[in-house]
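*Asks:* Data: my_file.txt, compact mmCIF, C-alpha atoms.
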```
# COMPACT_ATOMS: atom_id res chain seq x y z
CA MET A 17 -1.60 -6.84 -6.38
CA ILE A 18 1.52 -4.69 -6.69
CA GLY A 19 3.94 -3.30 -4.15
CA ASP A 20 7.25 -3.86 -2.39
CA SER A 21 8.68 -6.69 -0.25
CA ILE A 22 5.56 -6.89 1.90
CA THR A 23 3.64 -7.83 -1.23
CA ASP A 24 6.47 -9.81 -2.86
CA CYS A 25 7.21 -12.27 -0.04
CA GLY A 26 9.19 -14.61 -2.30
CA ARG A 27 6.60 -14.83 -5.07
CA LYS A 28 7.30 -16.43 -8.43
CA LYS A 29 9.04 -14.26 -11.04
CA PRO A 30 8.38 -12.72 -13.48
CA GLU A 31 4.68 -13.10 -12.69
CA GLY A 32 3.47 -14.30 -9.32
CA GLU A 33 0.76 -16.82 -10.03
CA GLY A 34 0.43 -20.57 -10.45
CA ARG A 35 1.06 -23.59 -8.23
CA ASN A 36 2.63 -23.98 -4.81
CA ASP A 37 4.25 -20.79 -3.48
CA SER A 38 3.83 -18.70 -6.64
CA LEU A 39 1.95 -16.01 -4.70
CA GLY A 40 4.63 -15.81 -2.01
CA ASN A 41 4.12 -16.39 1.69
CA GLY A 42 2.46 -13.17 2.80
CA TYR A 43 -0.86 -11.34 2.79
CA VAL A 44 -1.40 -11.83 -0.95
CA ALA A 45 -1.37 -15.62 -0.58
CA LEU A 46 -3.65 -15.38 2.46
CA VAL A 47 -6.14 -13.19 0.62
CA ASP A 48 -6.11 -15.58 -2.33
CA SER A 49 -6.63 -18.60 -0.08
CA PHE A 50 -9.65 -17.04 1.59
CA LEU A 51 -11.15 -15.96 -1.72
CA GLN A 52 -10.63 -19.37 -3.34
CA SER A 53 -12.03 -21.30 -0.37
CA VAL A 54 -15.12 -19.15 0.21
CA TYR A 55 -15.86 -17.99 -3.35
CA PRO A 56 -14.60 -20.88 -5.53
CA GLN A 57 -17.44 -20.37 -8.02
CA LEU A 58 -16.15 -16.93 -9.01
CA GLY A 59 -12.88 -18.14 -10.51
CA ILE A 60 -10.93 -15.22 -9.05
CA ARG A 61 -7.39 -14.96 -10.42
CA VAL A 62 -4.88 -13.22 -8.18
CA THR A 63 -1.46 -12.17 -9.47
CA ASN A 64 1.33 -10.96 -7.17
CA MET A 65 3.55 -8.33 -8.79
CA GLY A 66 5.37 -7.08 -5.70
CA ILE A 67 9.14 -6.57 -5.86
CA SER A 68 11.26 -6.26 -2.75
CA GLY A 69 12.86 -2.85 -2.21
CA ASN A 70 10.53 -1.01 -4.57
CA THR A 71 9.44 2.58 -4.15
CA VAL A 72 6.68 4.33 -6.07
CA ARG A 73 9.44 5.46 -8.44
CA ASN A 74 10.20 1.81 -9.27
CA LEU A 75 6.50 1.09 -9.80
CA LYS A 76 6.36 3.85 -12.37
CA GLU A 77 9.32 2.32 -14.23
CA ARG A 78 7.64 -1.07 -14.56
CA TRP A 79 3.99 -0.02 -14.72
CA GLU A 80 3.50 -0.78 -18.42
CA THR A 81 4.80 -4.37 -18.24
CA ASP A 82 3.69 -5.29 -14.73
CA VAL A 83 0.24 -3.68 -14.62
CA VAL A 84 -1.06 -2.27 -17.92
CA ASN A 85 -0.05 -5.25 -20.06
CA LEU A 86 -1.66 -7.69 -17.62
CA LYS A 87 -5.03 -5.95 -18.08
CA PRO A 88 -6.34 -6.47 -14.54
CA ASP A 89 -10.00 -6.02 -13.68
CA TRP A 90 -9.06 -5.04 -10.13
CA LEU A 91 -5.80 -3.50 -8.96
CA SER A 92 -4.41 -3.29 -5.43
CA ILE A 93 -1.46 -1.00 -4.67
CA MET A 94 0.52 -0.91 -1.44
CA ILE A 95 3.66 1.20 -1.75
CA GLY A 96 5.53 3.78 0.31
CA ILE A 97 7.41 1.95 3.04
CA ASN A 98 10.75 2.12 1.24
CA ASP A 99 10.02 5.67 0.07
CA VAL A 100 10.09 6.65 3.76
CA TRP A 101 12.51 4.04 5.13
CA ARG A 102 15.42 4.99 2.86
CA GLN A 103 15.30 8.47 4.38
CA TYR A 104 16.03 6.90 7.77
CA ASP A 105 18.25 3.87 7.18
CA LEU A 106 20.25 5.47 4.36
CA PRO A 107 20.09 9.17 5.24
CA GLN A 108 23.16 10.12 3.20
CA LEU A 109 22.02 8.41 -0.01
CA ILE A 110 19.55 11.06 -0.99
CA GLU A 111 19.21 9.72 -4.53
CA LYS A 112 17.31 6.78 -3.02
CA HIS A 113 14.89 9.02 -1.11
CA VAL A 114 11.39 9.55 -2.48
CA TYR A 115 10.04 12.62 -0.74
CA ILE A 116 6.36 13.12 -0.21
CA GLU A 117 5.82 15.53 -3.12
CA GLU A 118 7.23 13.02 -5.63
CA TYR A 119 5.36 10.21 -3.90
CA GLU A 120 2.01 11.94 -4.22
CA GLN A 121 2.58 13.09 -7.79
CA THR A 122 3.72 9.67 -8.98
CA LEU A 123 1.01 7.67 -7.21
CA ARG A 124 -1.66 10.01 -8.55
CA GLU A 125 -0.21 9.72 -12.05
CA LEU A 126 -0.34 5.90 -11.90
CA VAL A 127 -3.91 5.95 -10.58
CA GLU A 128 -5.07 8.42 -13.25
CA ARG A 129 -3.44 6.37 -15.95
CA THR A 130 -4.96 3.07 -14.91
CA LYS A 131 -8.30 3.63 -13.19
CA PRO A 132 -10.37 4.13 -16.38
CA SER A 133 -9.63 0.55 -17.44
CA LEU A 134 -10.39 -0.99 -14.03
CA LYS A 135 -13.55 -2.34 -12.44
CA GLY A 136 -12.09 -1.54 -9.04
CA LEU A 137 -9.05 0.01 -7.38
CA ILE A 138 -7.73 -0.67 -3.88
CA LEU A 139 -5.18 1.63 -2.25
CA MET A 140 -3.38 0.45 0.89
CA THR A 141 -1.31 2.75 3.07
CA PRO A 142 2.29 2.09 3.95
CA TYR A 143 2.84 1.37 7.65
CA TYR A 144 5.45 1.18 10.40
CA ILE A 145 4.83 -1.34 13.16
CA GLU A 146 5.42 1.15 15.95
CA PRO A 147 2.61 2.28 18.30
CA ASN A 148 4.32 5.55 19.23
CA SER A 149 2.97 8.03 16.68
CA ASN A 150 5.65 10.54 17.74
CA ASP A 151 8.42 8.26 16.51
CA GLY A 152 10.07 10.00 13.55
CA MET A 153 9.65 7.26 10.98
CA ARG A 154 6.14 6.42 12.19
CA ALA A 155 5.14 10.08 11.92
CA ALA A 156 6.53 10.28 8.39
CA MET A 157 4.76 7.07 7.42
CA ASP A 158 1.48 8.51 8.68
CA GLN A 159 1.97 11.51 6.40
CA TYR A 160 2.48 9.25 3.39
CA GLY A 161 -0.58 7.27 4.47
CA ALA A 162 -2.59 10.49 4.49
CA VAL A 163 -1.56 11.03 0.87
CA VAL A 164 -2.92 7.59 -0.01
CA LYS A 165 -6.24 8.43 1.65
CA LYS A 166 -6.45 11.73 -0.21
CA ILE A 167 -5.89 10.02 -3.56
CA ALA A 168 -8.32 7.20 -2.69
CA ASP A 169 -11.01 9.73 -1.80
CA GLN A 170 -10.34 11.76 -4.92
CA TYR A 171 -10.61 8.81 -7.31
CA GLY A 172 -13.20 6.72 -5.50
CA ALA A 173 -10.87 3.86 -4.64
CA ILE A 174 -11.31 1.40 -1.79
CA PHE A 175 -9.04 2.67 1.00
CA ILE A 176 -7.25 0.41 3.49
CA ASP A 177 -5.52 2.01 6.46
CA THR A 178 -2.97 -0.68 7.30
CA GLN A 179 -1.50 1.37 10.14
CA GLU A 180 -4.90 1.48 11.81
CA ALA A 181 -5.26 -2.28 11.26
CA PHE A 182 -2.15 -2.92 13.35
CA LYS A 183 -3.32 -0.66 16.20
CA PRO A 184 -5.40 -3.18 18.21
CA VAL A 185 -2.77 -5.88 17.72
CA LEU A 186 -0.02 -3.58 19.02
CA GLU A 187 -1.99 -3.02 22.21
CA HIS A 188 -1.09 -6.58 23.19
CA ILE A 189 1.93 -7.64 21.12
CA TYR A 190 5.33 -5.94 21.17
CA PRO A 191 6.27 -4.51 17.74
CA ALA A 192 9.47 -6.55 17.34
CA THR A 193 7.44 -9.70 17.95
CA LEU A 194 5.37 -8.91 14.86
CA ALA A 195 8.34 -7.65 12.84
CA TRP A 196 11.96 -7.61 14.01
CA ASP A 197 12.61 -4.49 11.93
CA ARG A 198 9.08 -3.10 12.41
CA VAL A 199 8.50 -3.48 8.68
CA HIS A 200 8.60 -7.12 7.56
CA PRO A 201 5.88 -8.88 9.56
CA ASN A 202 5.52 -12.48 10.64
CA MET A 203 2.41 -14.42 9.65
CA THR A 204 0.38 -12.74 12.39
CA GLY A 205 1.25 -9.41 10.81
CA HIS A 206 0.43 -10.65 7.34
CA MET A 207 -2.86 -12.03 8.62
CA THR A 208 -3.59 -8.58 10.02
CA LEU A 209 -3.04 -7.11 6.56
CA ALA A 210 -5.10 -9.82 4.87
CA ARG A 211 -7.96 -9.34 7.33
CA ALA A 212 -8.00 -5.59 6.69
CA PHE A 213 -7.99 -6.23 2.95
CA LEU A 214 -10.82 -8.76 3.09
CA ASN A 215 -12.94 -6.53 5.33
CA ALA A 216 -12.47 -3.62 2.94
CA ILE A 217 -13.64 -5.55 -0.12
CA GLY A 218 -16.74 -6.92 1.60
CA PHE A 219 -15.57 -10.50 2.12
CA SER A 220 -18.21 -12.69 3.78
CA TRP A 221 -17.51 -16.00 5.47
CA ASN A 222 -20.87 -17.20 4.18
CA GLY A 223 -19.87 -16.56 0.58
CA GLU A 224 -22.45 -13.82 0.14
CA ARG A 225 -21.73 -11.15 -2.46
```
In structure tokens, how does this file's structure come out?
*Replies:*
Amino acid sequence: MIGDSITDCGRKKPEGEGRNDSLGNGYVALVDSFLQSVYPQLGIRVTNMGISGNTVRNLKERWETDVVNLKPDWLSIMIGINDVWRQYDLPQLIEKHVYIEEYEQTLRELVERTKPSLKGLILMTPYYIEPNSNDGMRAAMDQYGAVVKKIADQYGAIFIDTQEAFKPVLEHIYPATLAWDRVHPNMTGHMTLARAFLNAIGFSWNGER
């Protein structure tokens, strides 16, 4: 499972797997815990390769070592928050901005390069924990999310709309309660992401495949 700080969540470096908090303290660890407790007989091995602050450009730079060389059977990608965010919190530092054309081209390139060797691919949208879809950064994030859906449809990947997953929660909980900066969620937010992930892959509480 590769991505940015939402995936990273303090995971072990260089490879996030092993004892204790090796998988970090976010949705990756939650997903792993559910899989291990309900499907222990499958021997599922989850590795967290998220790195805080990453954009899709950074993923491309480390793809060979952090994905290809690990030879995963399944790959989950959630990237794009920083690609958008840097355009808003660092508007003058344009060298840090990853505009949507580069985002789409790079994500598609990584998918094309890797999918033939995979049993399954999961693409998760970036999100902004803001219910007002007219908010500038939320609107931009939705556009990047639409790119993820387009690529998922094109390559037959499992698609997870994380923004949609937050929608029912945001009807009752104020955004800053879930994430003070509307990006880095508390455990309720990470559980929302984990639940969306598990639902998308066909997780069953009864352990049925």
*Asks:* Do you have the atom CA of A:Arg27-atom CA of A:Leu39 distance handy?
*Replies:*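 If I compute the distance from atom CA of A:Arg27 to atom CA of A:Leu39, I get 4.8 Å.
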*Asks:* Please, which residues in stretch 52-144 of chain A fall within 10 Å of stretch 199-216 of chain A when counting all atoms listed in the file, and what is the closest atom pair and distance in Å to one decimal for each, ordered by chain then residue number, as a tab-separated table?
*Replies:*
```
residue	atom	partner	partner_atom	distance
A:Ser92	CA	A:Phe213	CA	9.6
A:Ile97	CA	A:Val199	CA	7.9
A:Asn98	CA	A:Val199	CA	9.6
A:Trp101	CA	A:Val199	CA	9.2
A:Ile138	CA	A:Phe213	CA	8.8
A:Leu139	CA	A:Phe213	CA	9.8
A:Met140	CA	A:Phe213	CA	8.4
A:Pro142	CA	A:Val199	CA	9.6
A:Tyr143	CA	A:Val199	CA	7.5
A:Tyr144	CA	A:Val199	CA	5.8
```
*Asks:* Pick the closest to A:Asp24 from A:Leu134, A:Lys76, A:Val47, A:Ile67: which is it, counting only C-alpha atoms?
*Replies:*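 That would be A:Ile67, the residue with the smallest distance to A:Asp24.
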*Asks:* Extract, using only C-alpha atoms, all DNA, RNA and protein residues at most 8 Å from stretch 59-63 of chain A, discarding same-chain residues fewer than 3 positions from it, and format them as a list in words.
*Replies:*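 Selected residues are Met17, Glu31, Gly32, Glu33, Leu39, Asp48, Leu51, Gln52, Tyr55 and Pro56 of chain A.
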*Asks:* Any chance you can output those residues with C-alpha atoms as a PDB file, keeping the file's coordinate frame?
*Replies:*
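again.pdb, written as the output of this step:
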```
ATOM      1  CA  MET A  17      -1.600  -6.840  -6.380  1.00  0.00           C
ATOM      2  CA  GLU A  31       4.680 -13.100 -12.690  1.00  0.00           C
ATOM      3  CA  GLY A  32       3.470 -14.300  -9.320  1.00  0.00           C
ATOM      4  CA  GLU A  33       0.760 -16.820 -10.030  1.00  0.00           C
ATOM      5  CA  LEU A  39       1.950 -16.010  -4.700  1.00  0.00           C
ATOM      6  CA  ASP A  48      -6.110 -15.580  -2.330  1.00  0.00           C
ATOM      7  CA  LEU A  51     -11.150 -15.960  -1.720  1.00  0.00           C
ATOM      8  CA  GLN A  52     -10.630 -19.370  -3.340  1.00  0.00           C
ATOM      9  CA  TYR A  55     -15.860 -17.990  -3.350  1.00  0.00           C
ATOM     10  CA  PRO A  56     -14.600 -20.880  -5.530  1.00  0.00           C
TER      11      PRO A  56
END
```
*Asks:* From the list A:Thr122, A:Gln57, A:Ser49, A:Ser68, which residue is nearest A:Lys29 when using only C-alpha atoms?
*Replies:*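 Among the listed residues, the smallest separation from A:Lys29 belongs to A:Ser68.
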*Asks:* Need the axis-aligned box for stretch 160-171 of chain A with 5 Å each side, so what are the centre and edges in Å to one decimal, as AutoDock Vina command-line options?
*Replies:*
```
--center_x -4.3 --center_y 9.5 --center_z -1.4 --size_x 23.5 --size_y 14.6 --size_z 21.8
```
*Asks:* With only C-alpha atoms as the basis for distance, which of A:Lys87, A:His113, A:Arg129, A:Lys28 is at the shortest distance from A:Asp99?
*Replies:* A:His113
*Asks:* Point out the residue among A:Lys135, A:Leu126, A:Gly66, A:Gln103 with the least atom-to-atom distance to A:Asp89, counting only C-alpha atoms.
*Replies:*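 The shortest atom-to-atom distance to A:Asp89 comes from A:Lys135.
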*Asks:* Enter the distance from atom CA of A:Gly136 to atom CA of A:Tyr119, in Å, rounded to one decimal.
*Replies:* 21.7 Å
*Asks:* Could you check how far atom CA of A:Gly42 sits from atom CA of A:Thr193, in Å to one decimal?
*Replies:* 16.3 Å
*Asks:* May I have the protein, DNA and RNA residues with any atom at most 12 Å from the point (-5.2, 7.4, -14.5), counting only C-alpha atoms, written as a PyMOL selection string?
*Replies:* chain A and resi 79+84+121-134+137+167+170-171+173
*Asks:* Which residue is closest to A:Ala181? Choose from A:Thr141, A:Ala162, A:Arg35, A:Ser149 and count only C-alpha atoms.
*Replies:*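 Result for the nearest residue to A:Ala181: A:Thr141.
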*Asks:* Would you please work out which residue, of A:Ala45, A:Gly34, A:Leu91, A:Tyr104, is nearest to A:Gly152 when using only C-alpha atoms?
*Replies:* A:Tyr104
*Asks:* Might you pull out every residue within 12 Å of A:Pro184, with only C-alpha atoms counted and same-chain residues fewer than 5 positions away left off, and present them as a list in words?
*Replies:*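 Contacts, in chain order: Ile145, Glu146, Pro147, Thr178, Gln179, Ile189, Tyr190, Pro191, Gly205 and Thr208 of chain A.
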*Asks:* Kindly provide, as a VMD selection string, the polymer residues lying within 10 Å of (6.7, -0.5, -11.2), counting all atoms listed in the file and using the coordinates exactly as they appear in the file.
*Replies:* chain A and resid 18 to 20 65 to 67 70 to 83 126
